[in-house]
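A.B. asks: Structure file data_5.pdb (PDB, C-alpha atoms, pLDDT in the B column) is given on the next line.
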ATOM      1  CA  MET A 476    -101.889   8.110 -85.427  1.00 57.00           C
ATOM      2  CA  SER A 477    -103.836   8.517 -88.674  1.00 77.00           C
ATOM      3  CA  ARG A 478    -106.943  10.623 -88.787  1.00 87.00           C
ATOM      4  CA  LYS A 479    -110.276   8.935 -89.405  1.00 92.00           C
ATOM      5  CA  VAL A 480    -112.356   9.969 -92.423  1.00 97.00           C
ATOM      6  CA  LEU A 481    -115.637  11.676 -91.590  1.00 97.00           C
ATOM      7  CA  LEU A 482    -118.320  12.845 -94.033  1.00 98.00           C
ATOM      8  CA  VAL A 483    -119.592  16.261 -92.822  1.00 98.00           C
ATOM      9  CA  SER A 484    -122.618  18.333 -93.807  1.00 98.00           C
ATOM     10  CA  THR A 485    -121.103  21.223 -95.740  1.00 97.00           C
ATOM     11  CA  CYS A 486    -123.300  23.810 -94.022  1.00 98.00           C
ATOM     12  CA  LEU A 487    -121.791  22.920 -90.624  1.00 98.00           C
ATOM     13  CA  LEU A 488    -118.386  23.979 -91.979  1.00 96.00           C
ATOM     14  CA  GLY A 489    -119.707  27.469 -92.751  1.00 96.00           C
ATOM     15  CA  ILE A 490    -120.225  26.966 -96.481  1.00 97.00           C
ATOM     16  CA  ASN A 491    -123.414  28.563 -97.802  1.00 98.00           C
ATOM     17  CA  THR A 492    -125.327  25.454 -98.845  1.00 98.00           C
ATOM     18  CA  LYS A 493    -128.356  25.807 -96.548  1.00 97.00           C
ATOM     19  CA  TYR A 494    -131.778  26.002 -98.236  1.00 97.00           C
ATOM     20  CA  ASN A 495    -131.995  29.773 -97.611  1.00 98.00           C
ATOM     21  CA  GLY A 496    -128.522  30.465 -98.995  1.00 98.00           C
ATOM     22  CA  GLY A 497    -126.861  30.671 -95.583  1.00 98.00           C
ATOM     23  CA  ASN A 498    -125.047  28.108 -93.500  1.00 98.00           C
ATOM     24  CA  ASN A 499    -125.134  26.439 -90.096  1.00 97.00           C
ATOM     25  CA  HIS A 500    -121.519  27.149 -89.155  1.00 96.00           C
ATOM     26  CA  HIS A 501    -120.629  25.394 -85.945  1.00 94.00           C
ATOM     27  CA  PRO A 502    -117.297  26.560 -84.478  1.00 91.00           C
ATOM     28  CA  HIS A 503    -116.625  23.271 -82.701  1.00 92.00           C
ATOM     29  CA  VAL A 504    -116.880  21.250 -85.906  1.00 93.00           C
ATOM     30  CA  VAL A 505    -113.622  22.716 -87.214  1.00 84.00           C
ATOM     31  CA  VAL A 506    -111.865  21.384 -84.095  1.00 86.00           C
ATOM     32  CA  LEU A 507    -112.609  17.898 -85.407  1.00 93.00           C
ATOM     33  CA  GLN A 508    -109.856  18.402 -88.001  1.00 89.00           C
ATOM     34  CA  LYS A 509    -107.385  17.316 -85.318  1.00 87.00           C
ATOM     35  CA  LYS A 510    -109.112  13.923 -85.000  1.00 89.00           C
ATOM     36  CA  ALA A 511    -110.562  13.320 -88.460  1.00 95.00           C
ATOM     37  CA  LEU A 512    -110.207  14.123 -92.122  1.00 96.00           C
ATOM     38  CA  LEU A 513    -113.400  16.087 -92.836  1.00 97.00           C
ATOM     39  CA  VAL A 514    -115.018  15.474 -96.229  1.00 98.00           C
ATOM     40  CA  PRO A 515    -117.660  18.136 -96.976  1.00 98.00           C
ATOM     41  CA  CYS A 516    -120.918  16.928 -98.485  1.00 98.00           C
ATOM     42  CA  CYS A 517    -124.292  18.583 -99.231  1.00 98.00           C
ATOM     43  CA  PRO A 518    -126.705  15.865-100.345  1.00 98.00           C
ATOM     44  CA  GLU A 519    -129.329  18.358-101.471  1.00 98.00           C
ATOM     45  CA  GLN A 520    -126.908  20.047-103.866  1.00 98.00           C
ATOM     46  CA  LEU A 521    -125.584  16.645-104.956  1.00 98.00           C
ATOM     47  CA  GLY A 522    -129.174  15.726-105.822  1.00 98.00           C
ATOM     48  CA  GLY A 523    -129.414  18.713-108.164  1.00 98.00           C
ATOM     49  CA  LEU A 524    -131.163  21.271-105.966  1.00 98.00           C
ATOM     50  CA  SER A 525    -129.981  24.868-106.094  1.00 98.00           C
ATOM     51  CA  THR A 526    -128.938  27.146-103.273  1.00 98.00           C
ATOM     52  CA  PRO A 527    -131.036  28.916-102.250  1.00 98.00           C
ATOM     53  CA  ARG A 528    -134.014  26.547-102.620  1.00 98.00           C
ATOM     54  CA  ALA A 529    -137.446  26.106-101.102  1.00 98.00           C
ATOM     55  CA  ALA A 530    -137.496  24.583 -97.626  1.00 98.00           C
ATOM     56  CA  THR A 531    -138.582  20.944 -97.582  1.00 98.00           C
ATOM     57  CA  GLU A 532    -139.888  18.450 -95.051  1.00 98.00           C
ATOM     58  CA  ILE A 533    -140.803  14.774 -95.178  1.00 98.00           C
ATOM     59  CA  ARG A 534    -144.495  13.856 -95.248  1.00 98.00           C
ATOM     60  CA  GLY A 535    -145.726  10.354 -94.541  1.00 97.00           C
ATOM     61  CA  GLY A 536    -142.818   9.132 -92.439  1.00 98.00           C
ATOM     62  CA  ASP A 537    -139.067   9.663 -92.408  1.00 98.00           C
ATOM     63  CA  GLY A 538    -136.088   9.022 -94.661  1.00 98.00           C
ATOM     64  CA  HIS A 539    -136.393   5.250 -94.307  1.00 98.00           C
ATOM     65  CA  ASN A 540    -139.988   5.542 -95.562  1.00 98.00           C
ATOM     66  CA  VAL A 541    -138.846   7.782 -98.432  1.00 98.00           C
ATOM     67  CA  LEU A 542    -136.309   5.144 -99.494  1.00 98.00           C
ATOM     68  CA  ALA A 543    -139.056   2.507 -99.276  1.00 98.00           C
ATOM     69  CA  GLY A 544    -141.288   4.613-101.546  1.00 98.00           C
ATOM     70  CA  CYS A 545    -144.014   5.335 -99.005  1.00 98.00           C
ATOM     71  CA  ALA A 546    -143.155   8.922 -97.956  1.00 98.00           C
ATOM     72  CA  ARG A 547    -142.328  12.073 -99.918  1.00 98.00           C
ATOM     73  CA  VAL A 548    -140.068  15.095 -99.509  1.00 98.00           C
ATOM     74  CA  VAL A 549    -142.093  18.203-100.332  1.00 98.00           C
ATOM     75  CA  THR A 550    -141.999  21.975-100.160  1.00 98.00           C
ATOM     76  CA  ALA A 551    -144.601  24.021 -98.277  1.00 97.00           C
ATOM     77  CA  THR A 552    -146.454  24.427-101.599  1.00 97.00           C
ATOM     78  CA  ASN A 553    -146.442  20.624-102.035  1.00 97.00           C
ATOM     79  CA  GLU A 554    -143.793  20.499-104.779  1.00 98.00           C
ATOM     80  CA  ASP A 555    -142.245  17.031-104.728  1.00 98.00           C
ATOM     81  CA  ARG A 556    -138.458  16.955-104.243  1.00 98.00           C
ATOM     82  CA  THR A 557    -138.228  13.252-103.357  1.00 98.00           C
ATOM     83  CA  ASN A 558    -136.160  12.199-106.376  1.00 98.00           C
ATOM     84  CA  ALA A 559    -133.549  14.890-105.722  1.00 98.00           C
ATOM     85  CA  PHE A 560    -133.253  13.828-102.072  1.00 98.00           C
ATOM     86  CA  ILE A 561    -132.803  10.172-103.014  1.00 98.00           C
ATOM     87  CA  ALA A 562    -130.244  11.056-105.709  1.00 98.00           C
ATOM     88  CA  GLY A 563    -128.354  13.235-103.228  1.00 98.00           C
ATOM     89  CA  ALA A 564    -128.352  10.485-100.606  1.00 98.00           C
ATOM     90  CA  GLU A 565    -127.023   8.005-103.163  1.00 98.00           C
ATOM     91  CA  ALA A 566    -124.295  10.452-104.198  1.00 98.00           C
ATOM     92  CA  ALA A 567    -123.348  11.029-100.544  1.00 98.00           C
ATOM     93  CA  LEU A 568    -123.091   7.267-100.024  1.00 98.00           C
ATOM     94  CA  CYS A 569    -120.907   6.986-103.133  1.00 98.00           C
ATOM     95  CA  ILE A 570    -118.591   9.706-101.786  1.00 98.00           C
ATOM     96  CA  ALA A 571    -118.471   7.964 -98.397  1.00 98.00           C
ATOM     97  CA  GLU A 572    -117.462   4.726-100.101  1.00 98.00           C
ATOM     98  CA  VAL A 573    -114.835   6.377-102.346  1.00 98.00           C
ATOM     99  CA  VAL A 574    -113.134   8.174 -99.443  1.00 98.00           C
ATOM    100  CA  ALA A 575    -113.601   5.192 -97.087  1.00 98.00           C
ATOM    101  CA  ALA A 576    -115.539   7.306 -94.575  1.00 98.00           C
ATOM    102  CA  GLU A 577    -115.891   5.645 -91.201  1.00 97.00           C
ATOM    103  CA  GLY A 578    -118.743   7.852 -90.007  1.00 97.00           C
ATOM    104  CA  ALA A 579    -120.708  11.014 -90.726  1.00 98.00           C
ATOM    105  CA  LEU A 580    -121.483  14.290 -88.954  1.00 98.00           C
ATOM    106  CA  LEU A 581    -124.784  15.564 -90.319  1.00 98.00           C
ATOM    107  CA  LYS A 582    -127.083  18.548 -89.698  1.00 98.00           C
ATOM    108  CA  ALA A 583    -129.689  17.875 -87.025  1.00 98.00           C
ATOM    109  CA  ARG A 584    -133.397  17.844 -87.981  1.00 98.00           C
ATOM    110  CA  SER A 585    -132.716  18.198 -91.727  1.00 98.00           C
ATOM    111  CA  PRO A 586    -134.889  16.213 -94.166  1.00 98.00           C
ATOM    112  CA  SER A 587    -131.609  14.999 -95.680  1.00 98.00           C
ATOM    113  CA  CYS A 588    -129.271  14.794 -92.749  1.00 98.00           C
ATOM    114  CA  GLY A 589    -131.306  14.642 -89.541  1.00 98.00           C
ATOM    115  CA  ARG A 590    -130.722  11.638 -87.282  1.00 98.00           C
ATOM    116  CA  GLY A 591    -133.277  10.547 -84.721  1.00 98.00           C
ATOM    117  CA  CYS A 592    -135.361  13.719 -85.076  1.00 98.00           C
ATOM    118  CA  ILE A 593    -136.516  15.624 -88.158  1.00 98.00           C
ATOM    119  CA  TYR A 594    -138.968  18.415 -88.869  1.00 98.00           C
ATOM    120  CA  GLY A 595    -142.543  17.163 -88.769  1.00 97.00           C
ATOM    121  CA  GLY A 596    -143.734  17.688 -92.345  1.00 97.00           C
ATOM    122  CA  HIS A 597    -146.118  20.580 -91.657  1.00 96.00           C
ATOM    123  CA  PHE A 598    -143.710  23.558 -91.823  1.00 97.00           C
ATOM    124  CA  ASN A 599    -144.656  24.714 -88.334  1.00 97.00           C
ATOM    125  CA  GLU A 600    -141.269  24.043 -86.649  1.00 95.00           C
ATOM    126  CA  THR A 601    -142.531  20.907 -84.909  1.00 97.00           C
ATOM    127  CA  THR A 602    -140.383  17.798 -84.988  1.00 98.00           C
ATOM    128  CA  LYS A 603    -140.936  14.060 -85.080  1.00 98.00           C
ATOM    129  CA  LYS A 604    -138.823  10.972 -84.514  1.00 98.00           C
ATOM    130  CA  GLY A 605    -136.992   9.753 -87.571  1.00 98.00           C
ATOM    131  CA  ASP A 606    -134.032  10.138 -89.878  1.00 98.00           C
ATOM    132  CA  GLY A 607    -133.510  12.234 -92.985  1.00 98.00           C
ATOM    133  CA  VAL A 608    -133.056  10.525 -96.347  1.00 99.00           C
ATOM    134  CA  THR A 609    -129.241  10.637 -96.400  1.00 98.00           C
ATOM    135  CA  ALA A 610    -128.958   9.668 -92.743  1.00 98.00           C
ATOM    136  CA  ALA A 611    -131.241   6.700 -93.435  1.00 98.00           C
ATOM    137  CA  LEU A 612    -129.194   5.515 -96.421  1.00 98.00           C
ATOM    138  CA  LEU A 613    -125.845   5.944 -94.634  1.00 98.00           C
ATOM    139  CA  THR A 614    -127.237   4.107 -91.600  1.00 98.00           C
ATOM    140  CA  ARG A 615    -128.421   1.306 -93.863  1.00 98.00           C
ATOM    141  CA  ALA A 616    -124.840   1.114 -95.196  1.00 98.00           C
ATOM    142  CA  GLY A 617    -123.536   0.721 -91.637  1.00 98.00           C
ATOM    143  CA  LEU A 618    -122.007   4.157 -91.063  1.00 98.00           C
ATOM    144  CA  PRO A 619    -122.313   5.659 -87.584  1.00 98.00           C
ATOM    145  CA  ILE A 620    -124.148   8.999 -87.822  1.00 98.00           C
ATOM    146  CA  PHE A 621    -123.795  11.941 -85.439  1.00 98.00           C
ATOM    147  CA  THR A 622    -125.294  15.448 -85.482  1.00 98.00           C
ATOM    148  CA  GLU A 623    -123.733  18.706 -84.321  1.00 97.00           C
ATOM    149  CA  GLU A 624    -125.768  18.265 -81.153  1.00 97.00           C
ATOM    150  CA  GLU A 625    -123.768  15.113 -80.364  1.00 97.00           C
ATOM    151  CA  LEU A 626    -120.207  16.427 -80.609  1.00 96.00           C
ATOM    152  CA  PRO A 627    -119.130  14.979 -77.222  1.00 95.00           C
ATOM    153  CA  GLU A 628    -120.330  11.536 -78.342  1.00 96.00           C
ATOM    154  CA  LEU A 629    -118.582  11.981 -81.687  1.00 96.00           C
ATOM    155  CA  MET A 630    -115.322  12.952 -79.981  1.00 93.00           C
ATOM    156  CA  LEU A 631    -115.563   9.894 -77.757  1.00 93.00           C
ATOM    157  CA  TRP A 632    -116.259   7.699 -80.804  1.00 94.00           C
ATOM    158  CA  LEU A 633    -113.254   9.176 -82.618  1.00 91.00           C
ATOM    159  CA  THR A 634    -111.055   8.655 -79.558  1.00 88.00           C
ATOM    160  CA  ASN A 635    -112.191   5.048 -79.201  1.00 84.00           C
ATOM    161  CA  ARG A 636    -111.536   4.504 -82.905  1.00 59.00           C
ATOM    162  CA  ASP A 637    -107.899   5.526 -82.352  1.00 51.00           C
ATOM    163  CA  SER A 638    -107.176   2.591 -80.093  1.00 44.00           C
TER     164      SER A 638
END
For this file, write the structure as C-alpha cells.

C.D. replies:
Amino acid sequence: MSRKVLLVSTCLLGINTKYNGGNNHHPHVVVLQKKALLVPCCPEQLGGLSTPRAATEIRGGDGHNVLAGCARVVTATNEDRTNAFIAGAEAALCIAEVVAAEGALLKARSPSCGRGCIYGGHFNETTKKGDGVTAALLTRAGLPIFTEEELPELMLWLTNRDS
C-alpha cells in the first residue's frame, strides 16, 4: 500500500512559521505519516512574508473574494498583504501539482489556510464563514481540504483512498 501525498501547513508540524514566530504543533498530525507522505508548506512564507510578521485578516469577504479581487488581506494597521497571500497560494498550488498532492491539511481559521471558517477581519477574535486564500485556490483546483480540527474525517478519507 503506497502512502498518499498530503500538503500540510508547516506550523502544524511544529515548525516555527506562525505569524508570531511560534507554531501550532499538533501531536496527532505526525501520526498521519503512517497513512500519507506529508509535504510541509507555509503559503505566507512562500509569498515572501517573514516570520515573525504582523497578524493579518481578510476584509471584504474571504479567500475566494480575495482571488476575485474584491477583498483584501490586511494587518491591524491596515497594511495590505494581499499580493503576498495570492503569491503564496499560487506557490502552494504549484508545490501540490509538482508532488501530485491528493489533498491538504491546513491550519484552521487562518487567512491563508482556513477552511469553512476564518477570522472575521476586525482583529477581535471573532470568526466568519469562508476560506483562506490558499484554501480557496486549492479548492478551486479540486483538492480536498481538511483542518486539524477534522483529523477523524481526514483519517477516514485517507483510509477510503487506500481501497

A.B. asks: Rounded to one decimal, what separation in Å do you get between atom CA of A:Thr609 and atom CA of A:Pro518?

C.D. replies: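 Value for the atom CA of A:Thr609-atom CA of A:Pro518 distance: 7.0 Å.
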
A.B. asks: Any idea what the distance is between atom CA of A:Val549 and atom CA of A:Leu626?

C.D. replies: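 Between atom CA of A:Val549 and atom CA of A:Leu626 the gap is 29.5 Å.
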
A.B. asks: Which residues, written as an NGL selection string, have at least one atom at most 12 Å from stretch 504-509 of chain A, with only C-alpha atoms counted and residues fewer than 2 positions away on the same chain left out?

C.D. replies: :A and (476-489 or 499-502 or 511-515 or 579-582 or 621-627 or 629-634)

A.B. asks: Quote the spacing between atom CA of A:Gly578 and atom CA of A:Ile620 in Å to one decimal place.

C.D. replies: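 Those two atoms sit 5.9 Å apart.
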
A.B. asks: Which of these, A:Pro586, A:Ala559, A:Cys545, A:Gly497, has the shortest distance to A:Phe598 once you count all atoms listed in the file?

C.D. replies: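 Among the listed residues, A:Pro586 lies closest to A:Phe598.
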
A.B. asks: Could you expand the PyMOL selection byres ((chain A and resi 556) around 12) into the explicit residues it covers here, written as a ChimeraX atom specification?

C.D. replies: /A:519-520,522-525,528-534,541,546-555,557-563,586-587,608

A.B. asks: Let me see the file: selected residues, C-alpha atoms, as a compact mmCIF listing (two decimals), keeping the file's coordinate frame.

C.D. replies:
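The new file selection-v2.txt reads:
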# COMPACT_ATOMS: atom_id res chain seq x y z
CA GLU A 519 -129.33 18.36 -101.47
CA GLN A 520 -126.91 20.05 -103.87
CA GLY A 522 -129.17 15.73 -105.82
CA GLY A 523 -129.41 18.71 -108.16
CA LEU A 524 -131.16 21.27 -105.97
CA SER A 525 -129.98 24.87 -106.09
CA ARG A 528 -134.01 26.55 -102.62
CA ALA A 529 -137.45 26.11 -101.10
CA ALA A 530 -137.50 24.58 -97.63
CA THR A 531 -138.58 20.94 -97.58
CA GLU A 532 -139.89 18.45 -95.05
CA ILE A 533 -140.80 14.77 -95.18
CA ARG A 534 -144.50 13.86 -95.25
CA VAL A 541 -138.85 7.78 -98.43
CA ALA A 546 -143.16 8.92 -97.96
CA ARG A 547 -142.33 12.07 -99.92
CA VAL A 548 -140.07 15.10 -99.51
CA VAL A 549 -142.09 18.20 -100.33
CA THR A 550 -142.00 21.98 -100.16
CA ALA A 551 -144.60 24.02 -98.28
CA THR A 552 -146.45 24.43 -101.60
CA ASN A 553 -146.44 20.62 -102.04
CA GLU A 554 -143.79 20.50 -104.78
CA ASP A 555 -142.24 17.03 -104.73
CA THR A 557 -138.23 13.25 -103.36
CA ASN A 558 -136.16 12.20 -106.38
CA ALA A 559 -133.55 14.89 -105.72
CA PHE A 560 -133.25 13.83 -102.07
CA ILE A 561 -132.80 10.17 -103.01
CA ALA A 562 -130.24 11.06 -105.71
CA GLY A 563 -128.35 13.24 -103.23
CA PRO A 586 -134.89 16.21 -94.17
CA SER A 587 -131.61 15.00 -95.68
CA VAL A 608 -133.06 10.52 -96.35

A.B. asks: Considering all atoms listed in the file, state which residue in the set A:Pro527, A:Gly589, A:Gly535, A:Gly496 is at the smallest distance from A:Ala611.

C.D. replies: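 Of A:Pro527, A:Gly589, A:Gly535, A:Gly496, the one nearest A:Ala611, counting all atoms listed in the file, is A:Gly589.
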
A.B. asks: Here is a test: counting all atoms listed in the file, which residue of A:Cys569, A:Ala543, A:Ala610, A:Ala616 is nearest to A:Arg590?

C.D. replies: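 That would be A:Ala610, the residue with the smallest distance to A:Arg590.
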
A.B. asks: Quick one: axis-aligned box around all listed atoms of stretch 481-499 of chain A, 3 Å on every side, centre and edge lengths in Å to one decimal, written as lines of an AutoDock Vina configuration file.

C.D. replies:
center_x = -123.8
center_y = 21.2
center_z = -94.5
size_x = 22.4
size_y = 25.0
size_z = 14.9

A.B. asks: Which polymer residues have any atom within 7 Å of an atom of A:Ser585, counting all atoms listed in the file, with same-chain residues fewer than 4 positions away left out, as a list in words?

C.D. replies: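 Counting all atoms listed in the file, the residues come to Gly589, Ile593, Tyr594 and Gly607 of chain A.
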
A.B. asks: Applying 8 Å and all atoms listed in the file, which residues near A:Thr526 remain after dropping the ones on its own chain fewer than 6 positions away? List them as a PyMOL selection string.

C.D. replies: chain A and resi 491-496+520

A.B. asks: Between A:Glu577, A:Asp606, A:Glu572, A:Glu628, which one has atoms that come closest to A:His539, using only C-alpha atoms?

C.D. replies: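 Checking each of A:Glu577, A:Asp606, A:Glu572, A:Glu628 against A:His539, counting only C-alpha atoms, the winner is A:Asp606.
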
A.B. asks: Using all atoms listed in the file, find the one residue out of A:Ile490, A:Ala564, A:Leu542, A:Cys592 that sits nearest to A:Leu521.

C.D. replies: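 Closest candidate: A:Ala564.
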
A.B. asks: Would you mind writing stretch 561-572 of chain A with all heavy atoms, as an mmCIF file, keeping the file's coordinate frame?

C.D. replies:
data_model
loop_
_atom_site.group_PDB
_atom_site.id
_atom_site.type_symbol
_atom_site.label_atom_id
_atom_site.label_comp_id
_atom_site.auth_asym_id
_atom_site.auth_seq_id
_atom_site.Cartn_x
_atom_site.Cartn_y
_atom_site.Cartn_z
ATOM 1 N N ILE A 561 -133.332 11.536 -102.866
ATOM 2 C CA ILE A 561 -132.803 10.172 -103.014
ATOM 3 C C ILE A 561 -131.509 10.195 -103.807
ATOM 4 O O ILE A 561 -130.518 9.548 -103.424
ATOM 5 C CB ILE A 561 -133.855 9.254 -103.657
ATOM 6 C CG1 ILE A 561 -135.029 9.053 -102.691
ATOM 7 C CG2 ILE A 561 -133.233 7.911 -104.049
ATOM 8 C CD1 ILE A 561 -136.223 8.328 -103.310
ATOM 9 N N ALA A 562 -131.470 10.959 -104.904
ATOM 10 C CA ALA A 562 -130.244 11.056 -105.709
ATOM 11 C C ALA A 562 -129.097 11.633 -104.882
ATOM 12 O O ALA A 562 -127.955 11.163 -104.977
ATOM 13 C CB ALA A 562 -130.497 11.916 -106.956
ATOM 14 N N GLY A 563 -129.386 12.643 -104.076
ATOM 15 C CA GLY A 563 -128.354 13.235 -103.228
ATOM 16 C C GLY A 563 -127.851 12.270 -102.174
ATOM 17 O O GLY A 563 -126.647 12.204 -101.897
ATOM 18 N N ALA A 564 -128.751 11.494 -101.597
ATOM 19 C CA ALA A 564 -128.352 10.485 -100.606
ATOM 20 C C ALA A 564 -127.467 9.434 -101.258
ATOM 21 O O ALA A 564 -126.436 9.022 -100.691
ATOM 22 C CB ALA A 564 -129.591 9.843 -99.984
ATOM 23 N N GLU A 565 -127.831 9.000 -102.449
ATOM 24 C CA GLU A 565 -127.023 8.005 -103.163
ATOM 25 C C GLU A 565 -125.646 8.556 -103.513
ATOM 26 O O GLU A 565 -124.641 7.850 -103.398
ATOM 27 C CB GLU A 565 -127.762 7.529 -104.408
ATOM 28 C CG GLU A 565 -128.982 6.688 -104.071
ATOM 29 C CD GLU A 565 -129.877 6.381 -105.260
ATOM 30 O OE1 GLU A 565 -129.723 7.014 -106.333
ATOM 31 O OE2 GLU A 565 -130.750 5.489 -105.110
ATOM 32 N N ALA A 566 -125.588 9.830 -103.905
ATOM 33 C CA ALA A 566 -124.295 10.452 -104.198
ATOM 34 C C ALA A 566 -123.444 10.579 -102.934
ATOM 35 O O ALA A 566 -122.232 10.342 -102.961
ATOM 36 C CB ALA A 566 -124.504 11.828 -104.843
ATOM 37 N N ALA A 567 -124.074 10.930 -101.816
ATOM 38 C CA ALA A 567 -123.348 11.029 -100.544
ATOM 39 C C ALA A 567 -122.783 9.664 -100.148
ATOM 40 O O ALA A 567 -121.635 9.560 -99.697
ATOM 41 C CB ALA A 567 -124.258 11.574 -99.440
ATOM 42 N N LEU A 568 -123.578 8.618 -100.326
ATOM 43 C CA LEU A 568 -123.091 7.267 -100.024
ATOM 44 C C LEU A 568 -121.928 6.897 -100.932
ATOM 45 O O LEU A 568 -120.942 6.326 -100.473
ATOM 46 C CB LEU A 568 -124.217 6.247 -100.162
ATOM 47 C CG LEU A 568 -123.816 4.785 -99.945
ATOM 48 C CD1 LEU A 568 -123.212 4.567 -98.565
ATOM 49 C CD2 LEU A 568 -125.020 3.877 -100.162
ATOM 50 N N CYS A 569 -122.007 7.248 -102.198
ATOM 51 C CA CYS A 569 -120.907 6.986 -103.133
ATOM 52 C C CYS A 569 -119.636 7.699 -102.678
ATOM 53 O O CYS A 569 -118.551 7.097 -102.665
ATOM 54 C CB CYS A 569 -121.308 7.430 -104.537
ATOM 55 S SG CYS A 569 -120.047 7.107 -105.782
ATOM 56 N N ILE A 570 -119.757 8.956 -102.281
ATOM 57 C CA ILE A 570 -118.591 9.706 -101.786
ATOM 58 C C ILE A 570 -118.041 9.024 -100.537
ATOM 59 O O ILE A 570 -116.825 8.839 -100.411
ATOM 60 C CB ILE A 570 -118.963 11.177 -101.502
ATOM 61 C CG1 ILE A 570 -119.230 11.910 -102.816
ATOM 62 C CG2 ILE A 570 -117.860 11.872 -100.698
ATOM 63 C CD1 ILE A 570 -119.850 13.281 -102.642
ATOM 64 N N ALA A 571 -118.918 8.641 -99.623
ATOM 65 C CA ALA A 571 -118.471 7.964 -98.397
ATOM 66 C C ALA A 571 -117.689 6.701 -98.735
ATOM 67 O O ALA A 571 -116.655 6.417 -98.114
ATOM 68 C CB ALA A 571 -119.673 7.636 -97.513
ATOM 69 N N GLU A 572 -118.158 5.954 -99.708
ATOM 70 C CA GLU A 572 -117.462 4.726 -100.101
ATOM 71 C C GLU A 572 -116.118 5.031 -100.751
ATOM 72 O O GLU A 572 -115.112 4.389 -100.444
ATOM 73 C CB GLU A 572 -118.349 3.904 -101.042
ATOM 74 C CG GLU A 572 -119.553 3.310 -100.331
ATOM 75 C CD GLU A 572 -120.576 2.695 -101.274
ATOM 76 O OE1 GLU A 572 -120.523 2.949 -102.507
ATOM 77 O OE2 GLU A 572 -121.447 1.953 -100.772
#
